[in-house]
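Visitor: The following file, upload-v4.json, comprises JSON, C-alpha atoms:
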[["chain", "number", "residue", "atom", "x", "y", "z"],
["A", 15, "MET", "CA", -60.47, -9.99, -33.68],
["A", 16, "THR", "CA", -57.54, -7.84, -34.75],
["A", 17, "SER", "CA", -54.44, -7.96, -32.61],
["A", 18, "LEU", "CA", -52.89, -4.86, -31.10],
["A", 19, "PRO", "CA", -49.77, -3.51, -32.81],
["A", 20, "SER", "CA", -46.60, -4.16, -30.87],
["A", 21, "ARG", "CA", -45.22, -1.18, -28.96],
["A", 22, "ARG", "CA", -41.67, -1.15, -27.67],
["A", 23, "VAL", "CA", -41.14, -0.41, -23.96],
["A", 24, "LEU", "CA", -37.72, 0.21, -22.44],
["A", 25, "VAL", "CA", -37.49, -1.14, -18.89],
["A", 26, "VAL", "CA", -34.60, -0.03, -16.67],
["A", 27, "ARG", "CA", -33.84, -2.58, -13.96],
["A", 28, "ASN", "CA", -31.90, -1.06, -11.09],
["A", 29, "ALA", "CA", -31.55, -4.10, -8.82],
["A", 30, "GLU", "CA", -31.55, -7.87, -9.25],
["A", 31, "ARG", "CA", -34.27, -8.21, -6.60],
["A", 32, "SER", "CA", -36.58, -5.68, -8.28],
["A", 33, "PRO", "CA", -37.75, -7.20, -11.58],
["A", 34, "LEU", "CA", -40.74, -6.23, -13.70],
["A", 35, "GLY", "CA", -42.56, -9.09, -11.98],
["A", 36, "ARG", "CA", -46.20, -9.69, -12.86],
["A", 37, "PHE", "CA", -46.20, -6.68, -15.17],
["A", 38, "LEU", "CA", -44.12, -8.62, -17.72],
["A", 39, "PRO", "CA", -46.79, -11.14, -18.82],
["A", 40, "TRP", "CA", -49.53, -8.52, -18.46],
["A", 41, "PHE", "CA", -47.72, -5.99, -20.64],
["A", 42, "GLU", "CA", -46.97, -8.66, -23.24],
["A", 43, "ALA", "CA", -50.63, -9.69, -23.28],
["A", 44, "ASP", "CA", -51.53, -6.03, -23.86],
["A", 45, "GLY", "CA", -49.31, -5.74, -26.92],
["A", 46, "LEU", "CA", -46.14, -4.29, -25.39],
["A", 47, "HIS", "CA", -42.73, -5.62, -26.37],
["A", 48, "ILE", "CA", -40.36, -5.37, -23.39],
["A", 49, "ALA", "CA", -36.64, -4.59, -23.69],
["A", 50, "GLU", "CA", -34.90, -4.66, -20.32],
["A", 51, "VAL", "CA", -31.57, -2.91, -19.74],
["A", 52, "THR", "CA", -29.23, -2.68, -16.77],
["A", 53, "GLY", "CA", -26.05, -0.89, -15.79],
["A", 54, "ASP", "CA", -23.94, 0.53, -18.60],
["A", 55, "ALA", "CA", -26.60, -0.43, -21.15],
["A", 56, "VAL", "CA", -29.00, 2.27, -19.88],
["A", 57, "PRO", "CA", -29.33, 4.82, -22.72],
["A", 58, "VAL", "CA", -29.68, 8.58, -22.30],
["A", 59, "GLU", "CA", -32.45, 8.86, -24.90],
["A", 60, "PRO", "CA", -35.61, 6.77, -25.46],
["A", 61, "ASN", "CA", -34.85, 6.47, -29.18],
["A", 62, "GLY", "CA", -36.81, 3.65, -30.82],
["A", 63, "PHE", "CA", -39.11, 3.15, -27.84],
["A", 64, "ASP", "CA", -42.74, 4.05, -27.28],
["A", 65, "ALA", "CA", -42.56, 4.12, -23.47],
["A", 66, "VAL", "CA", -40.15, 3.86, -20.54],
["A", 67, "VAL", "CA", -40.51, 2.04, -17.20],
["A", 68, "LEU", "CA", -38.03, 2.68, -14.37],
["A", 69, "LEU", "CA", -37.97, -0.01, -11.68],
["A", 70, "GLY", "CA", -37.00, 0.08, -8.00],
["A", 71, "GLY", "CA", -33.77, -0.50, -6.11],
["A", 72, "GLY", "CA", -32.24, 0.34, -2.75],
["A", 73, "LEU", "CA", -30.66, 3.58, -3.94],
["A", 74, "LEU", "CA", -31.23, 7.30, -4.00],
["A", 75, "PRO", "CA", -31.58, 8.96, -7.43],
["A", 76, "ASP", "CA", -28.15, 10.62, -7.21],
["A", 77, "GLU", "CA", -26.04, 7.78, -5.71],
["A", 78, "ASP", "CA", -23.85, 7.62, -8.78],
["A", 79, "GLU", "CA", -20.88, 6.31, -6.78],
["A", 80, "ARG", "CA", -22.89, 3.15, -5.98],
["A", 81, "ALA", "CA", -24.73, 2.95, -9.29],
["A", 82, "PRO", "CA", -22.91, 4.83, -12.08],
["A", 83, "TRP", "CA", -25.75, 4.22, -14.56],
["A", 84, "LEU", "CA", -28.03, 6.54, -12.59],
["A", 85, "ALA", "CA", -26.59, 9.53, -14.44],
["A", 86, "ALA", "CA", -27.78, 8.02, -17.74],
["A", 87, "GLU", "CA", -31.11, 7.07, -16.18],
["A", 88, "ARG", "CA", -31.71, 10.66, -15.12],
["A", 89, "GLU", "CA", -30.93, 11.87, -18.65],
["A", 90, "LEU", "CA", -33.22, 9.21, -20.10],
["A", 91, "THR", "CA", -36.00, 10.36, -17.78],
["A", 92, "ARG", "CA", -35.46, 14.00, -18.63],
["A", 93, "SER", "CA", -35.56, 13.23, -22.35],
["A", 94, "ALA", "CA", -38.68, 11.06, -22.10],
["A", 95, "VAL", "CA", -40.57, 13.77, -20.21],
["A", 96, "ALA", "CA", -39.47, 16.46, -22.67],
["A", 97, "ARG", "CA", -40.56, 14.36, -25.66],
["A", 98, "GLY", "CA", -43.86, 13.28, -24.13],
["A", 99, "VAL", "CA", -42.88, 9.59, -24.17],
["A", 100, "PRO", "CA", -45.09, 7.75, -21.62],
["A", 101, "LEU", "CA", -43.05, 6.94, -18.52],
["A", 102, "LEU", "CA", -43.82, 4.98, -15.36],
["A", 103, "GLY", "CA", -41.39, 5.19, -12.44],
["A", 104, "ILE", "CA", -41.76, 2.68, -9.60],
["A", 105, "CYS", "CA", -40.22, 3.28, -6.16],
["A", 106, "LEU", "CA", -36.66, 4.41, -7.03],
["A", 107, "GLY", "CA", -37.95, 5.10, -10.53],
["A", 108, "ALA", "CA", -40.54, 7.49, -9.10],
["A", 109, "GLN", "CA", -37.84, 9.20, -7.07],
["A", 110, "VAL", "CA", -35.68, 9.60, -10.19],
["A", 111, "LEU", "CA", -38.61, 11.23, -11.98],
["A", 112, "ALA", "CA", -39.27, 13.55, -9.04],
["A", 113, "ALA", "CA", -35.62, 14.57, -8.73],
["A", 114, "VAL", "CA", -35.19, 15.20, -12.46],
["A", 115, "ALA", "CA", -38.34, 17.32, -12.62],
["A", 116, "GLY", "CA", -37.33, 19.51, -9.66],
["A", 117, "GLY", "CA", -38.70, 17.71, -6.61],
["A", 118, "VAL", "CA", -36.90, 16.68, -3.44],
["A", 119, "VAL", "CA", -36.03, 13.12, -2.34],
["A", 120, "ARG", "CA", -34.72, 12.42, 1.15],
["A", 121, "GLY", "CA", -32.96, 9.29, 2.32],
["A", 122, "GLU", "CA", -34.09, 7.39, 5.43],
["A", 123, "TYR", "CA", -36.85, 9.91, 5.98],
["A", 124, "GLY", "CA", -40.04, 9.35, 7.95],
["A", 125, "ARG", "CA", -41.46, 5.92, 8.74],
["A", 126, "PRO", "CA", -40.46, 3.02, 6.46],
["A", 127, "GLU", "CA", -43.22, 1.06, 4.73],
["A", 128, "ARG", "CA", -42.79, -2.71, 4.43],
["A", 129, "GLY", "CA", -45.15, -5.37, 3.15],
["A", 130, "SER", "CA", -48.73, -4.91, 2.00],
["A", 131, "CYS", "CA", -49.68, -1.29, 2.78],
["A", 132, "ARG", "CA", -52.73, 0.87, 2.29],
["A", 133, "VAL", "CA", -52.68, 3.57, -0.37],
["A", 134, "SER", "CA", -55.43, 6.16, -0.81],
["A", 135, "LEU", "CA", -56.18, 7.82, -4.13],
["A", 136, "ARG", "CA", -56.77, 11.55, -3.99],
["A", 137, "GLU", "CA", -59.55, 13.46, -5.71],
["A", 138, "GLU", "CA", -57.13, 14.36, -8.52],
["A", 139, "ALA", "CA", -56.77, 10.67, -9.43],
["A", 140, "LYS", "CA", -60.40, 10.41, -10.52],
["A", 141, "ALA", "CA", -59.61, 12.12, -13.81],
["A", 142, "ASP", "CA", -56.17, 10.56, -14.25],
["A", 143, "PRO", "CA", -55.90, 7.89, -16.98],
["A", 144, "LEU", "CA", -53.39, 5.71, -15.11],
["A", 145, "PHE", "CA", -55.82, 5.24, -12.22],
["A", 146, "ALA", "CA", -59.03, 4.99, -14.23],
["A", 147, "GLY", "CA", -61.43, 2.40, -12.85],
["A", 148, "LEU", "CA", -59.58, 1.94, -9.55],
["A", 149, "PRO", "CA", -61.22, 2.40, -6.14],
["A", 150, "GLU", "CA", -60.13, 5.04, -3.67],
["A", 151, "ARG", "CA", -58.56, 2.52, -1.27],
["A", 152, "LEU", "CA", -55.83, 0.19, -2.51],
["A", 153, "ARG", "CA", -53.24, -2.18, -1.07],
["A", 154, "PHE", "CA", -49.84, -2.71, -2.68],
["A", 155, "ILE", "CA", -46.44, -4.04, -1.65],
["A", 156, "GLN", "CA", -44.11, -1.37, -0.28],
["A", 157, "ASN", "CA", -40.47, -1.61, 0.66],
["A", 158, "HIS", "CA", -38.84, 1.78, 1.16],
["A", 159, "ARG", "CA", -37.20, 3.96, 3.77],
["A", 160, "ASP", "CA", -36.50, 6.91, 1.43],
["A", 161, "GLN", "CA", -39.25, 9.11, 0.09],
["A", 162, "ILE", "CA", -40.17, 12.10, -2.02],
["A", 163, "THR", "CA", -40.75, 15.03, 0.33],
["A", 164, "GLU", "CA", -41.47, 17.76, -2.23],
["A", 165, "LEU", "CA", -43.16, 17.36, -5.58],
["A", 166, "PRO", "CA", -41.76, 18.99, -8.71],
["A", 167, "PRO", "CA", -43.37, 22.31, -9.68],
["A", 168, "ASP", "CA", -46.75, 21.78, -11.38],
["A", 169, "ALA", "CA", -46.75, 18.03, -10.63],
["A", 170, "VAL", "CA", -50.12, 16.57, -9.63],
["A", 171, "ARG", "CA", -50.28, 14.47, -6.45],
["A", 172, "LEU", "CA", -52.50, 11.46, -7.04],
["A", 173, "ALA", "CA", -52.15, 9.16, -4.02],
["A", 174, "GLU", "CA", -51.00, 9.17, -0.41],
["A", 175, "SER", "CA", -50.59, 7.03, 2.69],
["A", 176, "ASP", "CA", -50.30, 7.77, 6.39],
["A", 177, "ALA", "CA", -46.54, 7.16, 6.38],
["A", 178, "CYS", "CA", -45.77, 8.67, 2.98],
["A", 179, "PRO", "CA", -47.83, 11.63, 1.73],
["A", 180, "ILE", "CA", -46.52, 11.35, -1.86],
["A", 181, "GLN", "CA", -47.44, 7.86, -3.07],
["A", 182, "ALA", "CA", -48.21, 8.71, -6.69],
["A", 183, "PHE", "CA", -47.92, 11.77, -8.91],
["A", 184, "ARG", "CA", -47.93, 12.88, -12.51],
["A", 185, "VAL", "CA", -45.48, 15.20, -14.26],
["A", 186, "GLY", "CA", -46.94, 16.79, -17.37],
["A", 187, "GLU", "CA", -49.42, 14.62, -19.23],
["A", 188, "ARG", "CA", -47.49, 11.36, -19.69],
["A", 189, "ALA", "CA", -45.05, 10.72, -16.83],
["A", 190, "TRP", "CA", -46.09, 9.01, -13.60],
["A", 191, "GLY", "CA", -44.29, 8.01, -10.44],
["A", 192, "VAL", "CA", -45.59, 5.53, -7.85],
["A", 193, "GLN", "CA", -43.82, 4.86, -4.56],
["A", 194, "PHE", "CA", -45.59, 1.51, -4.14],
["A", 195, "HIS", "CA", -44.91, -1.68, -6.12],
["A", 196, "PRO", "CA", -47.88, -2.68, -8.30],
["A", 197, "GLU", "CA", -45.60, -5.04, -10.23],
["A", 198, "ALA", "CA", -44.86, -7.09, -7.10],
["A", 199, "GLY", "CA", -47.11, -9.86, -5.83],
["A", 200, "ALA", "CA", -47.11, -11.34, -2.34],
["A", 201, "ASP", "CA", -44.43, -13.81, -3.45],
["A", 202, "ARG", "CA", -41.93, -10.92, -3.66],
["A", 203, "LEU", "CA", -41.63, -11.19, 0.13],
["A", 204, "ASP", "CA", -40.13, -14.69, -0.24],
["A", 205, "ARG", "CA", -36.85, -12.97, -1.15],
["A", 206, "TRP", "CA", -36.79, -10.56, 1.77],
["A", 207, "ASP", "CA", -34.14, -10.79, 4.50],
["A", 208, "GLU", "CA", -35.86, -12.17, 7.58],
["A", 209, "ALA", "CA", -33.00, -11.31, 9.94],
["A", 210, "ALA", "CA", -32.79, -7.70, 8.73],
["A", 211, "LEU", "CA", -36.53, -7.27, 9.21],
["A", 212, "ALA", "CA", -36.31, -8.76, 12.70],
["A", 213, "ASP", "CA", -33.60, -6.24, 13.58],
["A", 214, "ALA", "CA", -36.07, -3.53, 12.56],
["A", 215, "GLY", "CA", -38.77, -5.03, 14.79],
["A", 216, "LEU", "CA", -40.72, -6.64, 11.95],
["A", 217, "ASP", "CA", -41.89, -10.25, 11.58],
["A", 218, "LEU", "CA", -41.55, -11.57, 8.03],
["A", 219, "GLY", "CA", -44.12, -14.28, 8.70],
["A", 220, "VAL", "CA", -46.70, -11.69, 9.68],
["A", 221, "LEU", "CA", -45.88, -9.53, 6.66],
["A", 222, "ARG", "CA", -46.25, -12.54, 4.36],
["A", 223, "ALA", "CA", -49.61, -13.50, 5.81],
["A", 224, "GLU", "CA", -50.93, -9.94, 5.41],
["A", 225, "ALA", "CA", -49.68, -9.77, 1.82],
["A", 226, "GLU", "CA", -51.24, -13.13, 0.94],
["A", 227, "ARG", "CA", -54.61, -12.08, 2.35],
["A", 228, "ALA", "CA", -54.53, -8.90, 0.27],
["A", 229, "GLU", "CA", -53.18, -10.60, -2.87],
["A", 230, "PRO", "CA", -56.43, -11.29, -4.78],
["A", 231, "GLU", "CA", -57.59, -7.69, -4.55],
["A", 232, "SER", "CA", -54.09, -6.27, -4.99],
["A", 233, "SER", "CA", -53.52, -8.36, -8.11],
["A", 234, "ARG", "CA", -56.82, -7.25, -9.61],
["A", 235, "HIS", "CA", -56.02, -3.59, -9.06],
["A", 236, "ALA", "CA", -52.44, -3.96, -10.30],
["A", 237, "ARG", "CA", -53.73, -5.62, -13.46],
["A", 238, "ARG", "CA", -56.00, -2.66, -14.11],
["A", 239, "LEU", "CA", -53.15, -0.20, -13.59],
["A", 240, "ALA", "CA", -50.94, -2.17, -16.00],
["A", 241, "SER", "CA", -53.72, -2.24, -18.60],
["A", 242, "ASN", "CA", -54.26, 1.49, -18.19],
["A", 243, "PHE", "CA", -50.58, 2.17, -18.84],
["A", 244, "ALA", "CA", -50.55, -0.13, -21.86],
["A", 245, "ALA", "CA", -53.60, 1.65, -23.26],
["A", 246, "LEU", "CA", -51.82, 4.98, -22.82],
["A", 247, "VAL", "CA", -48.81, 3.69, -24.73],
["A", 248, "HIS", "CA", -50.99, 2.49, -27.60],
["A", 249, "ARG", "CA", -52.87, 5.79, -27.76],
["A", 250, "THR", "CA", -49.76, 7.98, -27.78],
["A", 251, "ALA", "CA", -47.32, 5.90, -29.87],
["A", 252, "PRO", "CA", -46.76, 7.13, -33.44],
["A", 253, "VAL", "CA", -48.22, 4.96, -36.18],
["A", 254, "SER", "CA", -44.74, 4.37, -37.63],
["A", 255, "SER", "CA", -43.67, 2.46, -34.48],
["A", 256, "ALA", "CA", -46.22, -0.32, -34.93],
["A", 257, "ASN", "CA", -45.13, -3.89, -35.40],
["A", 258, "LEU", "CA", -41.42, -3.32, -34.89],
["A", 259, "PRO", "CA", -39.42, -6.55, -34.63],
["A", 260, "GLY", "CA", -38.06, -7.57, -31.23]]
Turn this file's structure into structure tokens for me.

Guide:
Amino acid sequence: MTSLPSRRVLVVRNAERSPLGRFLPWFEADGLHIAEVTGDAVPVEPNGFDAVVLLGGGLLPDEDERAPWLAAERELTRSAVARGVPLLGICLGAQVLAAVAGGVVRGEYGRPERGSCRVSLREEAKADPLFAGLPERLRFIQNHRDQITELPPDAVRLAESDACPIQAFRVGERAWGVQFHPEAGADRLDRWDEAALADAGLDLGVLRAEAERAEPESSRHARRLASNFAALVHRTAPVSSANLPG
């Protein structure tokens, strides 16, 4: 069996508590070489990379005073979309993609989603390569109080939930945003602030139990989504990028 050529993926980590999680070993198994950057190391161009992943964080896309690297992250996103470099934005990353492409993101809007939450794929997702092979009803970890309220022009809405109508979307042919956290397993909740959740009327023990019950199915679906993205990267990467050293 021939091994897959190594493709280089730039991962932007926006918060210590929001790592690449279970996507890291899955991506590596699928032939992706991960280079994670934070803060001032975030570049404005995806030079030398075959794909970009933007992770979550408790910020809005334009909160440069709190996170000065967001200006570079927006430019990176804009450049990746313009060049057709595959991009996956998760939570804040999805909001960055939406804002850069002309959508609207609102802070503390609507009903927050915490813990394992239902997500429904729309009819448009049936023909979308990122969601190929996934059922209409999914459960993934969510942890947001901000949300995208208007999609960019010509973006395709792919998934929704009762609390958040824009759960997943595509910009152009190779850039996706997902509000949910497919990279996060039930163990992500072990790091959540129990007191803060209690102040919001939520019971961390209950949220953990729900997430653990959903974990086998959630993990299976997340693995498929990760594999779909890796396959996209391999299909679209130029031949000259194969087997680059780490």

Visitor: Got a sec to check which residues sit within 10 Å of (-45.3, 4.3, 5.6), counting all atoms listed in the file, and write them as a PyMOL selection string?

Guide: chain A and resi 124-129+131-133+156-159+161+174-179+181

Visitor: Near A:Cys105, counting only C-alpha atoms, which residues have an atom at most 7 Å away, once you skip same-chain residues fewer than 3 positions from it, shown as a CSV table (one decimal) with C-alpha atoms, in the frame of the given file?

Guide:
chain,number,residue,atom,x,y,z
A,69,LEU,CA,-38.0,0.0,-11.7
A,70,GLY,CA,-37.0,0.1,-8.0
A,108,ALA,CA,-40.5,7.5,-9.1
A,109,GLN,CA,-37.8,9.2,-7.1
A,192,VAL,CA,-45.6,5.5,-7.8
A,193,GLN,CA,-43.8,4.9,-4.6
A,194,PHE,CA,-45.6,1.5,-4.1
A,195,HIS,CA,-44.9,-1.7,-6.1

Visitor: What does the distance from atom CA of A:Leu38 to atom CA of A:Glu197 come to in Å, to one decimal?

Guide: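 Computing the Euclidean distance for atom CA of A:Leu38 and atom CA of A:Glu197 yields 8.4 Å.
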
Visitor: Ranking A:Arg97, A:Arg238, A:Arg120, A:His47 by minimum distance to A:Thr163 and counting only C-alpha atoms, which one comes first?

Guide: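 Once distances to A:Thr163 are computed over only C-alpha atoms, the minimum belongs to A:Arg120.
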
Visitor: Of the residues A:Ile155, A:Val67, A:Ala228, A:Leu211, which is the one nearest to A:Trp190, using only C-alpha atoms?

Guide: A:Val67

Visitor: Rounded to one decimal in Å, what is the spacing between atom CA of A:Val220 and atom CA of A:Phe145?

Guide: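 Those two atoms sit 29.1 Å apart.
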
Visitor: Find the distance between atom CA of A:Phe183 and atom CA of A:Ile104 and write it in Å to one decimal.

Guide: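 Separating atom CA of A:Phe183 from atom CA of A:Ile104 is a distance of 11.0 Å.
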
Visitor: Give me the residues near A:Ser134 as an NGL selection string, where near means some atom within 6 Å (using all atoms listed in the file) and where sequence neighbours in that chain fewer than 3 positions away do not count.

Guide: :A and (150-151 or 173-174)

Visitor: Pull the neighbourhood of (-51.0, 15.7, -8.7) for me: all residues within 9 Å in file coordinates, counting only C-alpha atoms, as a short mmCIF file (atom, residue, chain, number, x, y, z; two decimals) with C-alpha atoms, in the coordinates of the input.

Guide:
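So the final result, stored in point.cif, reads:
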data_model
loop_
_atom_site.label_atom_id
_atom_site.label_comp_id
_atom_site.auth_asym_id
_atom_site.auth_seq_id
_atom_site.Cartn_x
_atom_site.Cartn_y
_atom_site.Cartn_z
CA ARG A 136 -56.77 11.55 -3.99
CA GLU A 138 -57.13 14.36 -8.52
CA ALA A 139 -56.77 10.67 -9.43
CA LEU A 165 -43.16 17.36 -5.58
CA ASP A 168 -46.75 21.78 -11.38
CA ALA A 169 -46.75 18.03 -10.63
CA VAL A 170 -50.12 16.57 -9.63
CA ARG A 171 -50.28 14.47 -6.45
CA LEU A 172 -52.50 11.46 -7.04
CA ALA A 173 -52.15 9.16 -4.02
CA ALA A 182 -48.21 8.71 -6.69
CA PHE A 183 -47.92 11.77 -8.91
CA ARG A 184 -47.93 12.88 -12.51
CA VAL A 185 -45.48 15.20 -14.26
#

Visitor: Can you work out which one of A:Arg27, A:Arg205, A:Arg22, A:Arg227 has the shortest atom-to-atom distance to A:Gly107, counting all atoms listed in the file?

Guide: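 Counting all atoms listed in the file, the residue closest to A:Gly107 is A:Arg27.
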
Visitor: Taking only C-alpha atoms into account, name the residue in A:Ala210, A:Asp204, A:Val25, A:Gly72 that is nearest to A:Leu90.

Guide: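 Counting only C-alpha atoms, the residue closest to A:Leu90 is A:Val25.
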
Visitor: Neighbouring residues of A:Glu229 were defined as those with any atom within 12 Å, considering all atoms listed in the file; residues of the same chain fewer than 3 positions away were excluded. Please report them as a PyMOL selection string.

Guide: chain A and resi 129-131+152-155+196-203+222-226+232-237

Visitor: With only C-alpha atoms as the counted atoms, please give the residues lying no more than 12 Å from A:Ala209, apart from itself and same-chain residues fewer than 6 positions off, as a PyMOL selection string.

Guide: chain A and resi 215-219

Visitor: Let me make sure I understand: among A:Ala29, A:Val56, A:Leu239, A:Leu74, which one has the smallest atom-to-atom distance to A:Leu111 if we use only C-alpha atoms?

Guide: A:Leu74

Visitor: Report as a list in words all protein, DNA and RNA residues lying within 6 Å of stretch 77-87 of chain A, evaluated on only C-alpha atoms, omitting residues in the same chain fewer than 5 positions from it.

Guide: Gly53, Asp54 and Val58 of chain A

Visitor: Pick out the closest residue to A:Ile162 from this set: A:Asp44, A:Phe37, A:Gly116, A:Glu208. Count only C-alpha atoms.

Guide: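 Comparing A:Asp44, A:Phe37, A:Gly116, A:Glu208 against A:Ile162, the winner is A:Gly116.
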